[in-house]
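Undergrad: I have a structure here, written as structure tokens, and I will follow up with some questions on it.
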Amino acid sequence: MRWTFGVKLGSAIWFGLLANIAVGGLVSYRSAIRLIETTRSVERAHSVLAGIENTGSAAKTVETAVRSFLLTGDRSYLEPYRDAVSSINRNLASLRSLTADNPRQQEALRSLATLLADVLTLAGKQVAARANGAEGSRDVEAQISLNREKGNRIRELVDRMKHGEQTLLTSRQAMAEKSANSSIRVVLAGTALALLLGLIAGAVILRNFSTSVNTLKKGAELIGSGNLSHRISTSSNDEFADLAAALNNMAEQLGRARGELSRQAELTAAILHSIGDGVAVIDENGRYLVYNHAACRINGIPEGEFPASISDRYGYVIREDKPCPVPVDEMPLARAARGEFVDEMIAGLRPKAPGEPMRWARVTARPVRDGQGTLRGAVAVMSDITGQRKTVSELEAREHLLRTVLDAMPVGVAIAGADGIITKVNAAGAAIWGVPRDAPDSYGGIKAWRWQTGDPVQPHEWALTRAIQNGETVLQELIGIETPGYTRKGIFLSAIPLRDSSGNITGAIEVSEDITARIRIEEELKRSNKELEAFSYSVSHDLRAPLRHIDGFAGLLQRHAGPRLDEKAQRYLNTISASAKEMGNLIDDLLVFSRMGRAEMMSAPVDMDQMLRDILEDAAPETAGRELEWKISALPSVQGDASMLRLVLVNLISNAIKYTGPRAVARIEIAGYRDGDEAVICVRDNGVGFDMKYSEKLFGVFQRLHSGREFEGTGIGLATVRSIVHRHGGRTWAVGAVDEGAAFYFSLPSRNEESQ
């Protein structure tokens, strides 16, 4: 073909047309980009408003849930409280990212975050205190008032942020509208220019090409602006048709690729951000390509502030075994980028923000290579073990405290698992059983027998085995043991099963007390008591015969020589006889007192009201002919030896009757009540009373504040009362005043079995 003027002109016009199409497409594309950016800024403002609203709502939920829990103690309110705390943290993180281009909102957000942190810290303390059982309406009202005050401050700050964001939203909407109008004008101008060029080209070149050129132009502009769903249609069957088909095919492939790429990117981002472990990827130059939310959280880096590369340090990293900061080139990612494999390195991450606590992570890093094996970067996976380390530290502290407490206990303590294997023994236990603390299996070789019968203790009869296998609680079971050193001991053995929250037995605790010395003392005491009893019987028998002789011969002398004796001699004989009888009564009372301290107690529930009615019925003949007013109140039931407790009441009531003898109208009050873990009984009278400075002498043997001529007695009764009450684990005391009456009290434990 000849290169004529017309061909040159046609070619020039053709190339000019293509250039204008490209320019128009570029202008349209830039206008569309500006419109998209403006639209995104509007959407971001809406998201900020929603985030602020959600944060305010979550703060209100925290306030409401904490108030409800403080008032009721119902733990069901803690679930919305925890959800709200999590929502606040997520919303704050999102807001920091969304308002990164707005310094004013960033400043307000920092204030809000500080205030929310104070509120959540206070709420956490209040919830923990209430969960541990702390109560008190005044404290609760004060806490609720404080929470309400902080909540109002939060809502005020939220309202200001919403107002500022709404103003920004209005401005951005106006800008978006302006940008849209501008884009329309640009598109219209470009279209007009393209039409004008098309008309000029149509006037210069063949008119039959104009339709195809315009179609291709419009299609190219739409495809170039990002509308990959557009397809160019043409009726010709020439090069323009081939070009249109090629453009359509390209747009289709680009559309599929863009959709797949978008889905893959969204899926990858969702997977990364849903992983609880932190993930970070760098290229071969150390620049960060990917990092997820967990990586930001673990490193203490706010969303959107992650460093551009590993050389831009955000805080510092230390190794578990070295307190010094790790150099950049020794960090796990840097080492992996050089081709090294880093396995589970324990690292401490100290953020640069002041006040941020150090976090600990287990970091694994690997190099990333392409298909040809060339290093292209590195990836690191980090697991937050801060809580785990804290838990381990707390467990170690508790373990140390438990071991310290166990070793300080004077009794042996052994802890076994569900399999019956002893896992922990304190120092006293090792000393009692004569085995090393670090060799629990040594217990299997110890000989044991029932102390009372001498029968050997079989393996299934051990207290610890019964507690684990049968869930039995064993209390102070007396056995004899022979340690590996051939030392024989008497042991009080107790065991209780350990259960989990579901009631399943997970092990048992065994408590052993070496009472070998006590047993020896008790045996010596029994021998001494037997000797004392024999001595008492001997004294009683040996003294009674002379006393009977004195009294008998005095009576014989009285009958034989009585008429010949003067009044003074008669008085001497009467005094001899009365003294002999009084001496006999004194010996009898002394023997009763001695036996009462040694008699075996038969503990059982005692109805004190019925006992009192029986005693008063028996005392009726003694009070016949006297004007006596009784005031009887209900008495508490107690646990003890009924016969001994009856003797206590008989002595106290007899004394009240005796010492109110001089009164024209005697008044005796018997009452009882419970005081904490004690049952207290009182016998009060309006008798002659006593001087309080002698109150402690009242309960001594042969201690009398009145002579035998005034009131008969041997001075043994109140001593017997104190001996019996003390054997029951109780107390005795008296209150009175001279000539104003007296009140005698005694108390008994509510669970007297423990004192026995």
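Starting from 1 in every chain, residues are counted up; chains themselves are A, B, ... following the order of the structure tokens, and ligands are numbered from 1 as listed.
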Which residues come within 12 Å of range 487-501 of chain A, counting only C-alpha atoms, excluding same-chain residues fewer than 6 positions away, as a VMD selection string?
TA: chain A and resid 411 to 418 420 429 431 to 435 446 to 452 454 461 to 481 507 to 520
Undergrad: At a cut-off of 10 Å, can you tabulate as a Markdown table every residue of range 648-675 of chain A near range 719-739 of chain A together with its closest atom pair and the distance in Å to one decimal, using only C-alpha atoms and ordering rows by chain then number?
TA:
| residue | atom | partner | partner_atom | distance |
| --- | --- | --- | --- | --- |
| A:Val648 | CA | A:Val721 | CA | 5.0 |
| A:Leu649 | CA | A:Val721 | CA | 8.3 |
| A:Val650 | CA | A:Val721 | CA | 9.5 |
| A:Asn651 | CA | A:Val721 | CA | 7.2 |
| A:Leu652 | CA | A:Val721 | CA | 8.0 |
Undergrad: What are the DSSP helix (DSSP H, G or I) residues of range 717-754 of chain A, as an MDAnalysis selection string?
TA: chainID A and resid 717:727
Undergrad: I'd like the interatomic distance between CA of Leu169 in chain A and CA of Ser86 in chain A, to a tenth of an Å.
TA: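 Pair CA of Leu169 in chain A / CA of Ser86 in chain A returns 27.3 Å.
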Undergrad: Suppose you want the space between CA of Thr623 in chain A and CA of Asp685 in chain A; what is it in Å?
TA: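 Straight-line distance from CA of Thr623 in chain A to CA of Asp685 in chain A works out to 14.3 Å.
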Undergrad: Of the candidates A:Pro80, A:Gly151, A:Pro484, A:Gly625, which one gets nearest to Ala59 in chain A if we count only C-alpha atoms?
TA: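 Residue with the minimum atom-to-atom distance to Ala59 in chain A: A:Gly151.
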